[in-house]
>>> print(open('upload_6.tsv').read())   # TSV, C-alpha atoms and all ligand atoms
chain	number	residue	atom	x	y	z
A	1	MET	CA	21.33	3.67	17.09
A	2	ASP	CA	19.07	0.71	16.37
A	3	THR	CA	15.35	0.90	15.81
A	4	SER	CA	14.35	-0.08	19.32
A	5	GLU	CA	16.56	2.63	20.78
A	6	ILE	CA	14.92	5.18	18.53
A	7	GLU	CA	11.52	3.92	19.59
A	8	LYS	CA	12.54	4.28	23.21
A	9	GLN	CA	13.65	7.84	22.51
A	10	ILE	CA	10.30	8.60	20.89
A	11	LYS	CA	8.50	7.25	23.93
A	12	ASP	CA	10.64	9.41	26.25
A	13	ILE	CA	9.89	12.54	24.27
A	14	GLU	CA	6.19	11.69	24.20
A	15	ASP	CA	6.28	11.38	27.98
A	16	GLU	CA	8.06	14.69	28.24
A	17	ILE	CA	5.39	16.39	26.14
A	18	PHE	CA	2.67	14.75	28.19
A	19	ASN	CA	4.23	16.00	31.43
A	20	THR	CA	4.92	19.52	30.22
A	21	GLN	CA	2.39	22.21	31.08
A	22	LYS	CA	1.05	23.66	27.90
A	23	ASN	CA	1.25	27.45	27.85
A	24	LYS	CA	2.81	30.33	25.97
A	25	ALA	CA	6.16	29.83	27.63
A	26	THR	CA	6.45	26.16	26.71
A	27	GLU	CA	4.80	26.05	23.27
A	28	HIS	CA	8.14	26.73	21.66
A	29	HIS	CA	9.77	23.79	23.36
A	30	ILE	CA	6.81	21.50	22.67
A	31	GLY	CA	6.88	22.40	19.00
A	32	LYS	CA	10.49	21.38	18.84
A	33	LEU	CA	9.81	18.11	20.62
A	34	LYS	CA	6.98	17.26	18.25
A	35	ALA	CA	9.22	17.94	15.28
A	36	LYS	CA	11.83	15.68	16.80
A	37	ILE	CA	9.32	12.86	17.26
A	38	ALA	CA	8.17	13.21	13.66
A	39	ARG	CA	11.76	13.05	12.47
A	40	LEU	CA	12.52	9.97	14.54
A	41	ARG	CA	9.30	8.25	13.46
A	42	SER	CA	10.07	8.74	9.81
A	43	GLU	CA	13.54	7.33	10.47
A	44	VAL	CA	12.01	4.21	12.03
A	45	GLU	CA	9.57	3.98	9.13
A	46	LYS	CA	12.38	4.19	6.60
A	47	ARG	CA	14.41	1.47	8.26
A	48	LYS	CA	11.50	-0.87	8.69
A	49	SER	CA	10.38	-0.55	5.12
A	50	ALA	CA	13.95	-1.03	3.90
A	51	GLY	CA	14.22	-4.17	6.01
A	52	GLY	CA	10.91	-5.59	4.93
A	53	LYS	CA	11.46	-5.58	1.20
A	54	GLY	CA	9.40	-8.06	-0.70
A	55	LYS	CA	7.07	-8.62	2.20
A	56	GLY	CA	4.26	-6.42	0.88
A	57	PHE	CA	1.33	-7.62	-1.15
A	58	ALA	CA	2.07	-8.15	-4.80
A	59	ILE	CA	-0.60	-6.03	-6.40
A	60	LYS	CA	-0.36	-4.71	-9.89
A	61	LYS	CA	-2.13	-1.43	-10.37
A	62	GLN	CA	-4.63	-1.82	-13.18
A	63	GLY	CA	-7.38	0.22	-14.74
A	64	ASP	CA	-7.85	3.96	-14.64
A	65	ALA	CA	-7.58	4.34	-10.89
A	66	THR	CA	-7.09	2.24	-7.78
A	67	VAL	CA	-9.27	2.43	-4.70
A	68	ALA	CA	-8.59	0.66	-1.39
A	69	LEU	CA	-11.13	-0.72	1.05
A	70	ILE	CA	-9.93	-0.21	4.57
A	71	GLY	CA	-11.56	-1.13	7.84
A	72	PHE	CA	-11.52	-3.27	10.96
A	73	PRO	CA	-11.97	-7.02	10.55
A	74	SER	CA	-15.39	-8.40	9.72
A	75	ILE	CA	-17.14	-5.18	8.85
A	76	GLY	CA	-18.03	-6.28	5.32
A	77	LYS	CA	-15.18	-5.21	3.05
A	78	SER	CA	-15.12	-8.44	1.06
A	79	THR	CA	-18.90	-8.53	0.84
A	80	LEU	CA	-18.78	-5.08	-0.75
A	81	LEU	CA	-15.94	-5.91	-3.13
A	82	ASN	CA	-17.88	-8.88	-4.45
A	83	LYS	CA	-20.94	-6.70	-5.03
A	84	LEU	CA	-19.10	-3.89	-6.79
A	85	THR	CA	-16.74	-5.94	-8.92
A	86	ASP	CA	-16.23	-9.25	-10.67
A	87	ALA	CA	-14.02	-10.49	-7.83
A	88	LYS	CA	-14.81	-13.34	-5.47
A	89	SER	CA	-13.24	-12.55	-2.16
A	90	ARG	CA	-13.97	-14.95	0.67
A	91	ILE	CA	-16.57	-13.80	3.18
A	92	GLY	CA	-16.68	-15.08	6.72
A	93	ALA	CA	-18.57	-14.43	9.90
A	94	TYR	CA	-15.24	-14.39	11.75
A	95	GLU	CA	-12.37	-11.91	11.80
A	96	PHE	CA	-9.40	-12.01	9.42
A	97	THR	CA	-11.18	-13.91	6.69
A	98	THR	CA	-9.18	-11.97	4.12
A	99	LEU	CA	-5.43	-12.42	4.51
A	100	ASP	CA	-4.21	-11.06	1.24
A	101	ALA	CA	-4.90	-8.11	-1.06
A	102	ILE	CA	-7.69	-9.09	-3.43
A	103	PRO	CA	-8.24	-6.87	-6.46
A	104	GLY	CA	-11.49	-6.51	-8.37
A	105	MET	CA	-12.50	-4.31	-11.29
A	106	MET	CA	-15.51	-2.03	-11.23
A	107	LYS	CA	-16.70	-0.64	-14.55
A	108	TYR	CA	-18.54	2.62	-14.32
A	109	ASN	CA	-19.21	5.44	-16.82
A	110	GLY	CA	-16.59	4.03	-19.14
A	111	ALA	CA	-13.91	3.93	-16.44
A	112	ASN	CA	-12.24	0.83	-15.09
A	113	ILE	CA	-11.77	1.28	-11.38
A	114	GLN	CA	-9.63	-1.21	-9.53
A	115	ILE	CA	-10.81	-1.89	-6.00
A	116	LEU	CA	-8.56	-3.58	-3.48
A	117	ASP	CA	-9.98	-5.66	-0.69
A	118	LEU	CA	-7.48	-5.82	2.13
A	119	PRO	CA	-7.12	-7.68	5.41
A	120	GLY	CA	-8.79	-5.99	8.35
A	121	LEU	CA	-6.82	-3.25	10.03
A	122	ILE	CA	-6.52	-3.21	13.80
A	123	SER	CA	-5.27	-0.75	16.38
A	124	GLY	CA	-1.50	-0.96	16.45
A	125	ALA	CA	-1.36	-1.61	12.71
A	126	ALA	CA	1.10	1.24	12.20
A	127	GLU	CA	3.49	-0.56	14.55
A	128	GLY	CA	3.01	-3.78	12.64
A	129	LYS	CA	0.11	-5.54	14.37
A	130	GLY	CA	-1.86	-7.93	12.21
A	131	ARG	CA	-0.70	-7.45	8.66
A	132	GLY	CA	-0.81	-3.75	9.46
A	133	ARG	CA	2.43	-2.72	7.81
A	134	GLU	CA	1.59	-4.46	4.56
A	135	VAL	CA	-1.93	-3.05	4.48
A	136	LEU	CA	-0.69	0.44	5.23
A	137	SER	CA	2.01	0.22	2.62
A	138	ALA	CA	-0.44	-1.13	0.02
A	139	ILE	CA	-2.58	1.96	0.37
A	140	ARG	CA	0.29	4.37	-0.08
A	141	ASN	CA	-0.18	4.53	-3.80
A	142	VAL	CA	-3.92	4.28	-4.23
A	143	ASP	CA	-6.03	7.13	-5.56
A	144	LEU	CA	-8.85	6.96	-3.04
A	145	ILE	CA	-9.46	5.26	0.27
A	146	LEU	CA	-12.83	3.85	1.23
A	147	PHE	CA	-12.92	3.87	4.96
A	148	MET	CA	-15.46	1.34	6.07
A	149	ILE	CA	-17.02	1.37	9.50
A	150	ASP	CA	-19.74	-0.70	11.09
A	151	ALA	CA	-22.91	1.29	11.77
A	152	GLN	CA	-22.75	0.03	15.32
A	153	HIS	CA	-19.13	1.04	15.89
A	154	GLU	CA	-18.64	4.64	14.98
A	155	ASP	CA	-15.58	4.79	17.24
A	156	HIS	CA	-13.70	2.72	14.65
A	157	LEU	CA	-13.41	5.78	12.47
A	158	ASN	CA	-11.11	7.70	14.79
A	159	LEU	CA	-9.11	4.61	15.66
A	160	MET	CA	-8.43	3.88	12.01
A	161	ALA	CA	-7.78	7.47	11.06
A	162	ASP	CA	-5.22	7.45	13.85
A	163	GLU	CA	-3.42	4.41	12.47
A	164	LEU	CA	-3.25	5.92	9.02
A	165	HIS	CA	-1.98	9.18	10.42
A	166	LYS	CA	0.77	7.40	12.32
A	167	ALA	CA	1.76	5.63	9.12
A	168	GLY	CA	2.30	8.99	7.42
A	169	LEU	CA	-0.93	9.11	5.43
A	170	ARG	CA	-2.77	12.41	5.35
A	171	LEU	CA	-6.39	12.08	4.38
A	172	ASN	CA	-8.28	14.78	2.51
A	173	GLN	CA	-5.49	17.27	2.98
A	174	LYS	CA	-3.53	19.22	0.46
A	175	GLN	CA	0.22	19.14	0.61
A	176	PRO	CA	1.42	21.90	2.99
A	177	ASP	CA	2.10	25.07	1.02
A	178	VAL	CA	5.64	25.61	2.23
A	179	VAL	CA	8.76	26.21	0.21
A	180	VAL	CA	12.07	25.26	1.80
A	181	LYS	CA	15.09	26.53	0.00
A	182	LYS	CA	18.30	25.28	1.53
A	183	THR	CA	21.08	27.83	1.62
A	184	GLY	CA	24.76	27.53	2.41
A	185	GLN	CA	24.77	29.91	5.34
A	186	GLY	CA	22.80	32.50	7.27
A	187	GLY	CA	20.71	30.23	9.46
A	188	ILE	CA	16.97	29.87	9.07
A	189	SER	CA	14.75	32.64	7.81
A	190	ILE	CA	10.98	32.35	7.89
A	191	ASN	CA	8.66	34.38	5.70
A	192	ALA	CA	4.91	33.97	5.74
A	193	THR	CA	2.70	35.28	2.96
A	194	LYS	CA	-0.45	34.65	5.03
A	195	LYS	CA	-1.21	35.73	8.56
A	196	LEU	CA	-0.22	32.90	10.90
A	197	THR	CA	-2.66	32.34	13.74
A	198	HIS	CA	-1.63	28.84	14.86
A	199	ILE	CA	2.13	29.17	15.16
A	200	ASN	CA	4.46	32.13	15.29
A	201	GLU	CA	7.74	32.57	13.49
A	202	ASP	CA	9.78	31.62	16.53
A	203	ILE	CA	8.04	28.29	16.86
A	204	ALA	CA	8.35	27.75	13.14
A	205	LYS	CA	12.05	28.41	13.38
A	206	SER	CA	12.60	26.00	16.21
A	207	ILE	CA	10.62	23.28	14.40
A	208	ALA	CA	12.57	23.91	11.21
A	209	SER	CA	15.86	23.68	13.07
A	210	GLU	CA	15.15	19.97	13.63
A	211	TYR	CA	15.46	19.44	9.88
A	212	VAL	CA	17.62	22.15	8.34
A	213	ILE	CA	20.50	24.34	9.41
A	214	ASN	CA	20.48	27.03	6.74
A	215	ALA	CA	17.31	27.66	4.76
A	216	ASP	CA	14.94	30.30	3.48
A	217	ILE	CA	11.45	29.11	4.26
A	218	ILE	CA	8.30	30.58	2.79
A	219	ILE	CA	4.99	29.63	4.40
A	220	ARG	CA	2.06	30.25	2.06
A	221	GLU	CA	-0.89	29.15	4.17
A	222	ASN	CA	-2.10	29.76	7.69
A	223	ILE	CA	-0.36	26.60	8.77
A	224	THR	CA	-0.76	24.47	11.88
A	225	GLU	CA	2.16	23.07	13.82
A	226	ASP	CA	1.52	19.53	12.59
A	227	ARG	CA	1.29	20.51	8.95
A	228	PHE	CA	4.43	22.57	9.23
A	229	ILE	CA	6.28	19.53	10.58
A	230	ASP	CA	4.84	17.44	7.73
A	231	ALA	CA	6.33	19.87	5.25
A	232	PHE	CA	9.80	18.64	6.18
A	233	ILE	CA	9.08	14.94	6.01
A	234	GLN	CA	9.51	13.23	2.68
A	235	ASN	CA	7.33	10.18	2.98
A	236	ARG	CA	3.98	11.80	3.71
A	237	ILE	CA	1.18	10.68	1.43
A	238	TYR	CA	-1.79	12.92	0.69
A	239	VAL	CA	-4.80	10.93	-0.41
A	240	PRO	CA	-8.56	11.52	-0.50
A	241	ALA	CA	-10.84	9.31	1.57
A	242	ILE	CA	-14.55	8.80	2.09
A	243	VAL	CA	-16.38	7.06	4.90
A	244	LEU	CA	-18.70	4.13	4.25
A	245	ILE	CA	-21.11	3.24	7.02
A	246	ASN	CA	-21.92	-0.43	6.45
A	247	LYS	CA	-24.46	-2.79	7.99
A	248	THR	CA	-27.02	0.00	8.12
A	249	ASP	CA	-29.66	-2.74	8.02
A	250	LEU	CA	-28.84	-3.38	11.66
A	251	ILE	CA	-29.72	0.05	13.09
A	252	SER	CA	-32.76	2.31	13.00
A	253	GLU	CA	-33.09	5.10	10.46
A	254	LYS	CA	-33.08	7.66	13.25
A	255	LYS	CA	-29.83	6.38	14.73
A	256	LEU	CA	-28.29	6.24	11.29
A	257	GLN	CA	-29.16	9.85	10.51
A	258	SER	CA	-27.60	11.08	13.73
A	259	LYS	CA	-24.42	9.08	13.01
A	260	ILE	CA	-24.21	10.48	9.52
A	261	LYS	CA	-24.56	14.00	10.83
A	262	HIS	CA	-21.96	13.42	13.50
A	263	ILE	CA	-19.39	12.11	11.04
A	264	LYS	CA	-20.15	14.84	8.51
A	265	ASP	CA	-19.64	17.45	11.19
A	266	LYS	CA	-16.10	16.17	11.60
A	267	GLY	CA	-15.48	17.05	7.97
A	268	TRP	CA	-15.81	13.65	6.29
A	269	ILE	CA	-17.76	12.78	3.18
A	270	VAL	CA	-19.94	9.89	4.29
A	271	ILE	CA	-22.24	7.42	2.61
A	272	PRO	CA	-24.49	4.81	4.28
A	273	ILE	CA	-24.73	1.37	2.68
A	274	SER	CA	-25.66	-2.20	3.32
A	275	ALA	CA	-23.18	-4.35	1.44
A	276	LYS	CA	-25.21	-7.46	2.17
A	277	ASP	CA	-28.52	-6.08	0.90
A	278	GLY	CA	-26.93	-4.02	-1.87
A	279	LYS	CA	-28.44	-0.84	-0.49
A	280	GLY	CA	-26.78	2.48	-1.37
A	281	LEU	CA	-24.41	0.88	-3.88
A	282	ASN	CA	-25.50	2.93	-6.88
A	283	LYS	CA	-24.88	6.12	-4.98
A	284	LEU	CA	-21.56	4.70	-3.86
A	285	ARG	CA	-20.45	3.94	-7.42
A	286	GLU	CA	-21.36	7.47	-8.41
A	287	LEU	CA	-19.48	8.94	-5.46
A	288	ILE	CA	-16.35	6.88	-6.13
A	289	PHE	CA	-16.40	8.04	-9.72
A	290	SER	CA	-16.78	11.71	-8.87
A	291	GLU	CA	-14.22	11.61	-6.05
A	292	LEU	CA	-11.63	10.25	-8.46
A	293	SER	CA	-11.95	13.39	-10.60
A	294	PHE	CA	-11.68	11.68	-13.94
A	295	ILE	CA	-11.20	13.64	-17.13
A	296	ARG	CA	-11.82	12.48	-20.70
A	297	VAL	CA	-9.29	13.06	-23.43
A	298	TYR	CA	-10.07	12.27	-27.07
A	299	MET	CA	-7.18	10.97	-29.14
A	300	LYS	CA	-6.71	12.26	-32.66
A	301	PRO	CA	-4.21	10.26	-34.73
A	302	VAL	CA	-2.04	12.38	-37.05
A	303	GLY	CA	-4.01	13.26	-40.18
A	304	LYS	CA	-7.21	11.50	-39.02
A	305	ALA	CA	-10.36	12.47	-37.20
A	306	ALA	CA	-10.49	12.32	-33.41
A	307	ASP	CA	-12.11	9.31	-31.79
A	308	MET	CA	-15.01	11.00	-30.04
A	309	ASP	CA	-16.69	7.75	-28.97
A	310	GLU	CA	-14.09	6.28	-26.71
A	311	PRO	CA	-12.21	8.84	-24.70
A	312	LEU	CA	-9.15	7.98	-22.74
A	313	ILE	CA	-9.99	8.14	-19.05
A	314	LEU	CA	-7.43	10.15	-17.13
A	315	ARG	CA	-7.39	11.95	-13.84
A	316	LYS	CA	-7.19	15.61	-12.95
A	317	GLY	CA	-3.54	16.67	-13.02
A	318	ASP	CA	-2.53	14.02	-15.56
A	319	THR	CA	-0.19	15.14	-18.32
A	320	VAL	CA	0.71	14.21	-21.89
A	321	GLU	CA	3.31	11.93	-20.33
A	322	THR	CA	0.57	10.02	-18.48
A	323	VAL	CA	-1.11	9.42	-21.83
A	324	CYS	CA	2.11	8.18	-23.41
A	325	ARG	CA	2.66	5.80	-20.54
A	326	LYS	CA	-0.89	4.48	-20.81
A	327	LEU	CA	-0.85	3.99	-24.54
A	328	HIS	CA	2.43	2.37	-25.30
A	329	ARG	CA	6.06	2.54	-24.29
A	330	GLU	CA	6.88	3.66	-27.77
A	331	PHE	CA	5.04	6.93	-27.33
A	332	GLN	CA	7.30	7.77	-24.42
A	333	ASP	CA	10.53	6.63	-26.04
A	334	LYS	CA	9.91	8.23	-29.43
A	335	PHE	CA	7.96	11.25	-28.31
A	336	ARG	CA	8.58	14.39	-30.37
A	337	TYR	CA	5.75	16.69	-29.40
A	338	ALA	CA	1.99	16.74	-29.00
A	339	THR	CA	-0.75	19.08	-30.11
A	340	VAL	CA	-3.78	19.79	-28.04
A	341	SER	CA	-7.02	21.60	-28.72
A	342	GLY	CA	-9.84	22.11	-26.26
A	343	PRO	CA	-10.03	23.42	-22.70
A	344	SER	CA	-6.32	23.16	-21.84
A	345	ALA	CA	-5.09	24.75	-25.07
A	346	LYS	CA	-4.00	28.38	-25.03
A	347	HIS	CA	-4.96	28.80	-28.68
A	348	GLU	CA	-6.87	26.65	-31.14
A	349	ILE	CA	-4.13	24.10	-31.62
A	350	GLN	CA	-1.29	24.32	-29.15
A	351	LYS	CA	2.00	22.50	-29.48
A	352	VAL	CA	2.94	21.03	-26.09
A	353	GLY	CA	5.50	18.82	-24.36
A	354	LEU	CA	5.25	15.84	-22.03
A	355	ASP	CA	4.61	17.98	-18.97
A	356	HIS	CA	1.49	19.67	-20.35
A	357	VAL	CA	-1.44	19.22	-17.94
A	358	LEU	CA	-4.59	18.06	-19.71
A	359	LYS	CA	-8.19	19.03	-19.04
A	360	ASP	CA	-11.54	17.31	-19.44
A	361	GLU	CA	-12.58	17.01	-23.12
A	362	ASP	CA	-9.22	17.92	-24.61
A	363	ILE	CA	-8.37	16.55	-28.04
A	364	LEU	CA	-4.81	15.29	-28.22
A	365	THR	CA	-2.44	14.25	-30.97
A	366	ILE	CA	0.92	12.71	-30.17
A	367	VAL	CA	3.69	12.95	-32.72
A	368	ILE	CA	6.54	10.46	-32.52
A	369	THR	CA	9.72	9.92	-34.51
A	370	ARG	CA	9.42	7.28	-37.18
A	401	LIG	N1	-26.07	-7.35	8.54
A	401	LIG	C1	-25.10	-7.19	7.66
A	401	LIG	N2	-24.07	-8.03	7.64
A	401	LIG	C2	-23.10	-7.84	6.74
A	401	LIG	C3	-23.13	-6.73	5.83
A	401	LIG	N3	-22.00	-6.79	5.07
A	401	LIG	C4	-21.32	-7.86	5.48
A	401	LIG	N4	-21.96	-8.51	6.49
A	401	LIG	C5	-21.53	-9.73	7.18
A	401	LIG	O1	-20.38	-9.45	7.97
A	401	LIG	C6	-19.51	-10.59	8.03
A	401	LIG	C7	-18.12	-10.23	7.60
A	401	LIG	O2	-18.13	-9.91	6.22
A	401	LIG	P1	-16.80	-9.82	5.35
A	401	LIG	O3	-17.20	-9.25	4.05
A	401	LIG	O4	-16.10	-11.13	5.34
A	401	LIG	O5	-15.97	-8.79	6.21
A	401	LIG	P2	-14.47	-8.27	6.00
A	401	LIG	O6	-14.47	-6.85	6.40
A	401	LIG	O7	-14.00	-8.59	4.63
A	401	LIG	O8	-13.68	-9.12	7.08
A	401	LIG	P3	-12.10	-9.51	7.14
A	401	LIG	O9	-11.70	-10.05	5.82
A	401	LIG	O10	-12.05	-10.53	8.21
A	401	LIG	O11	-11.38	-8.25	7.51
A	401	LIG	C8	-20.17	-11.64	7.15
A	401	LIG	O12	-20.87	-12.53	7.97
A	401	LIG	C9	-21.09	-10.83	6.25
A	401	LIG	O13	-22.20	-11.58	5.80
A	401	LIG	C10	-24.25	-5.84	5.88
A	401	LIG	O14	-24.38	-4.87	5.14
A	401	LIG	N5	-25.20	-6.12	6.83
A	402	MG	MG	-12.45	-9.69	3.99
>>> encode(input="upload_6.tsv", output="structure tokens")
Amino acid sequence: MDTSEIEKQIKDIEDEIFNTQKNKATEHHIGKLKAKIARLRSEVEKRKSAGGKGKGFAIKKQGDATVALIGFPSIGKSTLLNKLTDAKSRIGAYEFTTLDAIPGMMKYNGANIQILDLPGLISGAAEGKGRGREVLSAIRNVDLILFMIDAQHEDHLNLMADELHKAGLRLNQKQPDVVVKKTGQGGISINATKKLTHINEDIAKSIASEYVINADIIIRENITEDRFIDAFIQNRIYVPAIVLINKTDLISEKKLQSKIKHIKDKGWIVIPISAKDGKGLNKLRELIFSELSFIRVYMKPVGKAADMDEPLILRKGDTVETVCRKLHREFQDKFRYATVSGPSAKHEIQKVGLDHVLKDEDILTIVITR
């Protein structure tokens, strides 16, 4: 089947869902159809990205973390990048001024934070409109997304969130807590360790049957249908995002406050700014820093005192291996063991391996073969 046939199939199933009465008797069937759509979409995604090799932006990740600026054309992304970093991205009063990914570096609290200015996103981006596919693929390996909307166009938020969702990005969500253990026989068994109030085991089974034939599945959260489907799809990306309301100089304080409240009520973290006037930028820097959950690790060379002045900036969840990669190839290739003292150590000085997860203010020594 070629891609357009799959797309046609997706459309047919979508129509079927649309035309099916939603009630207890059909929820089963609808769950299965949704799972099928998700499977077909990820197939299309896979083929398109395989076909489009080399077409993406050539951006080298640099610094301690990478943050992407995303938003509709002409809302002020480049203006903001130029204010926050040393970059000079072209600014224009017309749409699609930026046609490439422009990186800039923001220094804050000792951390180097790379910020990517990207071409404006438009509705239909997930299907490839504009430079949609490239933009969406560029943000697949960033650490934080800054979602920029125009104070006068709050509706952009849902439209953009929709595009990102279609492209497989899941904002401000944890990975679904589901364990799928494939087995050789016996069909599908579902076990839930939490009470399920959104789906029942039958629906779960029929969704799962789209992806596996024999498997023991353990569901460890009160999962929704959509998240359960996501659990079976490999290319989902879970990334934090915050909303920036820009051009606040153009609306009244009262209107702004009601917009902020409205967006907050939907569960977003939101910050009002004026990129042009530089308003709110200090708070924004602070917020970016805290959202990236940095940790500081002090390096102690073998037989010497630890360098307590210049910590290595890492991120929550980073391991000894991350440190080795950051420092020098040699540390990875010739790694013997490491010792750590501080918050992540079980005793005063703990001997650890590459997979040891570090904590803020750890002191680390890496021992390599000579
Ligand atoms: N009033 C006001 N205008 C702004 C603000 N920020 C940016 N602008 C203006 O909005 C227009 C577009 O700005 P850009 O920074 O080029 O927007 P962009 O999002 O990078 O646009 P594309 O690259 O086309 O996607 C320019 O005329 C800016 O001067 C702001 O905070 N307030
Ligand atoms: Mg721009």
>>> residues_near_point(input="upload_6.tsv", point="(-18.6, 7.1, -16.4)", cutoff="10 Å", atoms="all atoms listed in the file", output="VMD selection string")
chain A and resid 107 to 112 285 to 286 289 to 290 294 to 296 313
>>> residues_near_point(input="upload_6.tsv", point="(10.2, 11.1, 19.5)", cutoff="10 Å", atoms="all atoms listed in the file", output="short mmCIF file (atom, residue, chain, number, x, y, z; two decimals) with C-alpha atoms, in the frame of the given file")
data_model
loop_
_atom_site.label_atom_id
_atom_site.label_comp_id
_atom_site.auth_asym_id
_atom_site.auth_seq_id
_atom_site.Cartn_x
_atom_site.Cartn_y
_atom_site.Cartn_z
CA ILE A 6 14.92 5.18 18.53
CA GLU A 7 11.52 3.92 19.59
CA LYS A 8 12.54 4.28 23.21
CA GLN A 9 13.65 7.84 22.51
CA ILE A 10 10.30 8.60 20.89
CA LYS A 11 8.50 7.25 23.93
CA ASP A 12 10.64 9.41 26.25
CA ILE A 13 9.89 12.54 24.27
CA GLU A 14 6.19 11.69 24.20
CA ASP A 15 6.28 11.38 27.98
CA GLU A 16 8.06 14.69 28.24
CA ILE A 17 5.39 16.39 26.14
CA LEU A 33 9.81 18.11 20.62
CA LYS A 34 6.98 17.26 18.25
CA ALA A 35 9.22 17.94 15.28
CA LYS A 36 11.83 15.68 16.80
CA ILE A 37 9.32 12.86 17.26
CA ALA A 38 8.17 13.21 13.66
CA ARG A 39 11.76 13.05 12.47
CA LEU A 40 12.52 9.97 14.54
CA ARG A 41 9.30 8.25 13.46
CA SER A 42 10.07 8.74 9.81
#
>>> closest_atom_pairs(input="upload_6.tsv", of="chain A", to="ligand MG 402 (chain A)", cutoff="6 Å", atoms="all atoms listed in the file", output="tab-separated table")
residue	atom	partner	partner_atom	distance
A:Lys77	CA	A:MG402	MG	5.3
A:Ser78	CA	A:MG402	MG	4.2
A:Ile91	CA	A:MG402	MG	5.9
A:Thr97	CA	A:MG402	MG	5.2
A:Thr98	CA	A:MG402	MG	4.0
A:Pro119	CA	A:MG402	MG	5.9
>>> closest_atom_pairs(input="upload_6.tsv", of="chain A", to="ligand LIG 401 (chain A)", cutoff="9 Å", atoms="only C-alpha atoms and all ligand atoms", output="tab-separated table")
residue	atom	partner	partner_atom	distance
A:Leu69	CA	A:LIG401	O6	8.8
A:Ile70	CA	A:LIG401	O6	8.2
A:Gly71	CA	A:LIG401	O6	6.6
A:Phe72	CA	A:LIG401	O11	6.1
A:Pro73	CA	A:LIG401	O11	3.3
A:Ser74	CA	A:LIG401	O8	3.2
A:Ile75	CA	A:LIG401	O6	4.0
A:Gly76	CA	A:LIG401	O3	3.3
A:Lys77	CA	A:LIG401	O6	3.8
A:Ser78	CA	A:LIG401	O3	3.7
A:Thr79	CA	A:LIG401	O3	3.7
A:Leu80	CA	A:LIG401	O3	6.6
A:Leu81	CA	A:LIG401	O3	8.0
A:Asn82	CA	A:LIG401	O3	8.5
A:Ser89	CA	A:LIG401	O7	7.9
A:Arg90	CA	A:LIG401	O4	6.4
A:Ile91	CA	A:LIG401	O4	3.5
A:Gly92	CA	A:LIG401	O4	4.2
A:Ala93	CA	A:LIG401	O12	3.6
A:Tyr94	CA	A:LIG401	O10	6.1
A:Glu95	CA	A:LIG401	O10	3.9
A:Phe96	CA	A:LIG401	O10	3.3
A:Thr97	CA	A:LIG401	O10	3.8
A:Thr98	CA	A:LIG401	O9	3.6
A:Leu99	CA	A:LIG401	O9	6.8
A:Asp100	CA	A:LIG401	O9	8.8
A:Asp117	CA	A:LIG401	O7	7.3
A:Leu118	CA	A:LIG401	O9	7.0
A:Pro119	CA	A:LIG401	O11	4.8
A:Gly120	CA	A:LIG401	O11	3.5
A:Leu121	CA	A:LIG401	O11	7.2
A:Met148	CA	A:LIG401	O6	8.3
A:Asp150	CA	A:LIG401	C10	8.6
A:Ile245	CA	A:LIG401	O14	8.9
A:Asn246	CA	A:LIG401	O14	5.2
A:Lys247	CA	A:LIG401	O14	3.5
A:Thr248	CA	A:LIG401	O14	6.3
A:Asp249	CA	A:LIG401	N5	5.7
A:Leu250	CA	A:LIG401	N1	5.8
A:Ile273	CA	A:LIG401	O14	6.7
A:Ser274	CA	A:LIG401	O14	3.5
A:Ala275	CA	A:LIG401	O14	3.9
A:Lys276	CA	A:LIG401	O14	4.0
A:Asp277	CA	A:LIG401	O14	6.0
A:Gly278	CA	A:LIG401	O14	7.5
A:Lys279	CA	A:LIG401	O14	8.0
>>> write_last_selection(input="upload_6.tsv", atoms="C-alpha atoms", output="compact mmCIF listing (two decimals), keeping the file's coordinate frame")
# COMPACT_ATOMS: atom_id res chain seq x y z
CA LEU A 69 -11.13 -0.72 1.05
CA ILE A 70 -9.93 -0.21 4.57
CA GLY A 71 -11.56 -1.13 7.84
CA PHE A 72 -11.52 -3.27 10.96
CA PRO A 73 -11.97 -7.02 10.55
CA SER A 74 -15.39 -8.40 9.72
CA ILE A 75 -17.14 -5.18 8.85
CA GLY A 76 -18.03 -6.28 5.32
CA LYS A 77 -15.18 -5.21 3.05
CA SER A 78 -15.12 -8.44 1.06
CA THR A 79 -18.90 -8.53 0.84
CA LEU A 80 -18.78 -5.08 -0.75
CA LEU A 81 -15.94 -5.91 -3.13
CA ASN A 82 -17.88 -8.88 -4.45
CA SER A 89 -13.24 -12.55 -2.16
CA ARG A 90 -13.97 -14.95 0.67
CA ILE A 91 -16.57 -13.80 3.18
CA GLY A 92 -16.68 -15.08 6.72
CA ALA A 93 -18.57 -14.43 9.90
CA TYR A 94 -15.24 -14.39 11.75
CA GLU A 95 -12.37 -11.91 11.80
CA PHE A 96 -9.40 -12.01 9.42
CA THR A 97 -11.18 -13.91 6.69
CA THR A 98 -9.18 -11.97 4.12
CA LEU A 99 -5.43 -12.42 4.51
CA ASP A 100 -4.21 -11.06 1.24
CA ASP A 117 -9.98 -5.66 -0.69
CA LEU A 118 -7.48 -5.82 2.13
CA PRO A 119 -7.12 -7.68 5.41
CA GLY A 120 -8.79 -5.99 8.35
CA LEU A 121 -6.82 -3.25 10.03
CA MET A 148 -15.46 1.34 6.07
CA ASP A 150 -19.74 -0.70 11.09
CA ILE A 245 -21.11 3.24 7.02
CA ASN A 246 -21.92 -0.43 6.45
CA LYS A 247 -24.46 -2.79 7.99
CA THR A 248 -27.02 0.00 8.12
CA ASP A 249 -29.66 -2.74 8.02
CA LEU A 250 -28.84 -3.38 11.66
CA ILE A 273 -24.73 1.37 2.68
CA SER A 274 -25.66 -2.20 3.32
CA ALA A 275 -23.18 -4.35 1.44
CA LYS A 276 -25.21 -7.46 2.17
CA ASP A 277 -28.52 -6.08 0.90
CA GLY A 278 -26.93 -4.02 -1.87
CA LYS A 279 -28.44 -0.84 -0.49
